[in-house]
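Q: Before we start, here is the structure in question, set down as structure tokens.
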Amino acid sequence: MNHFSIQNIRTILNKHKDNKTPLLAVMEELQSYYGYLPREMLIMVSERLDVPLSQVHSVATFYHGFSLHPQGEHVIQACTGTACHVRGGIHVLDHLKTKLNIQAGETTSDLEYTLETINCLGACAVGPTVVTDGKYEGHMTTSKIDHLLEKIEQES
Amino acid sequence: MITLTINDKTIHTQVGRSILEVARDNAIWIPTLCYHEALKPYGGCRLCLVELETPRGSRVVSSCTFPAEDGMVVHTNTKTIQQSRQIVAQLLLARAGHVPFIRELAASVGVNDTPYTLPQDTCVLCARCVRACQEIVGMSAISIANRGSDRVVVPPFKISSADCIECTTCVLVCPTDAITLDDITDSSRTVHEWQSEYARGACRLCEYTLNGN
């Protein structure tokens, strides 16, 4: 994980200084660089861009892509869209919750895994779908989840 | 000047006003919740829906945000409108049926009970407080966080906002009394998760003090 540096945040802010409404672009870049948006960082963004902090907070909590808390090393996304749901996606999600001992939207205390739900990946034909660190896995079952988690553990 | 018809009544009015404003001026009742005269129209509560007659059939629009136009034909009490109002009222009752104002509002559109079950909350997310803080006070100390069924009105990060000047405008404009004076001034209260760190003081704009000094 990249370390919080005021200099770097300034660089990112400066990059968007010609943008008339830079808030979202700046937040996206900070999110992808740091993996999350700590409160102090958002206060700085609010002051620099002259956007009320309440509005920055609104935007940060509205979009799924932003996180106010540190993300785990591996991000596991379980699809709960309609097609995956009718194919048993909810059991896959429940199994992930049990295995990782966290709720959806949470990160394990060792910062290894973050579990998220996602509403549709457009991969309905292979549902239930699970995405691990950006890699799509189709036709998921509880036993396949076990293999998947073992594989991630071995590789890291 | 433009001329339009609301409920078969011919009305002359100036350009640039909403259907709701024109109707109210002519004593035509349209129920509202999120609308407040001092604030910009929000179109959030969907109680003020009206039906327009257009060449392509009827069209349902929110009267608070839709501008009155020349030749427009508006109906405020059709079957479609009554039904949509009733659904909104039923949903409001399901969430905030314990609030007298909401019960009265629902009764005014003929709804006294609800088939829905929702988590109880005094706040109905009309965002009057958020808009008043932004538009009237100019501080934006509070906003709506999260999305969908998780939406809540909170100060940034759910901790007392340095932007709050304790003017209590949000308390005044709240239709359901979801925000109380104590939320803003008493640090022991956590209703709405507003935890103010401030000592009780005068409003920084008008110097009005809550405890009457």
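The chains in the structure tokens are called A, B, ... from first to last as shown; in each chain the residues are counted from 1, and the ligands are counted from 1 in the order shown.
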Using only C-alpha atoms, find which residues of chain B lie within 12 Å of chain A and jot them down as an NGL selection string.

A: :B and (130-131 or 133-134 or 138-164)

Q: Identify all residues of stretch 48-211 of chain B in helix (DSSP H, G or I) (DSSP on the backbone) and supply them as a ChimeraX atom specification.

A: /B:79-96,100-108,128-137,148-150,156-158,169-173,181-185,191-193

Q: For B:His98, list every protein, DNA or RNA residue within 12 Å, evaluated using only C-alpha atoms, and leave out those in the same chain fewer than 3 positions away; present the list as a list in words.

A: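 Neighbouring residues, sequence-local ones excluded: Leu92, Leu93, Ala94, Arg95, Phe101, Ile102, Arg103, Glu104, Ala106, Asp113, Pro119, Gln120, Asp121, Thr122, Cys123, Val124, Thr176, Asp177 and Ala178 of chain B.
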
Q: Neighbouring residues of A:Ser143 were defined as those with any atom within 10 Å, considering only C-alpha atoms; residues of the same chain fewer than 4 positions away were excluded. Please report them as JSON, numbers by chain.

A: {"A": [92, 95, 147, 148]}
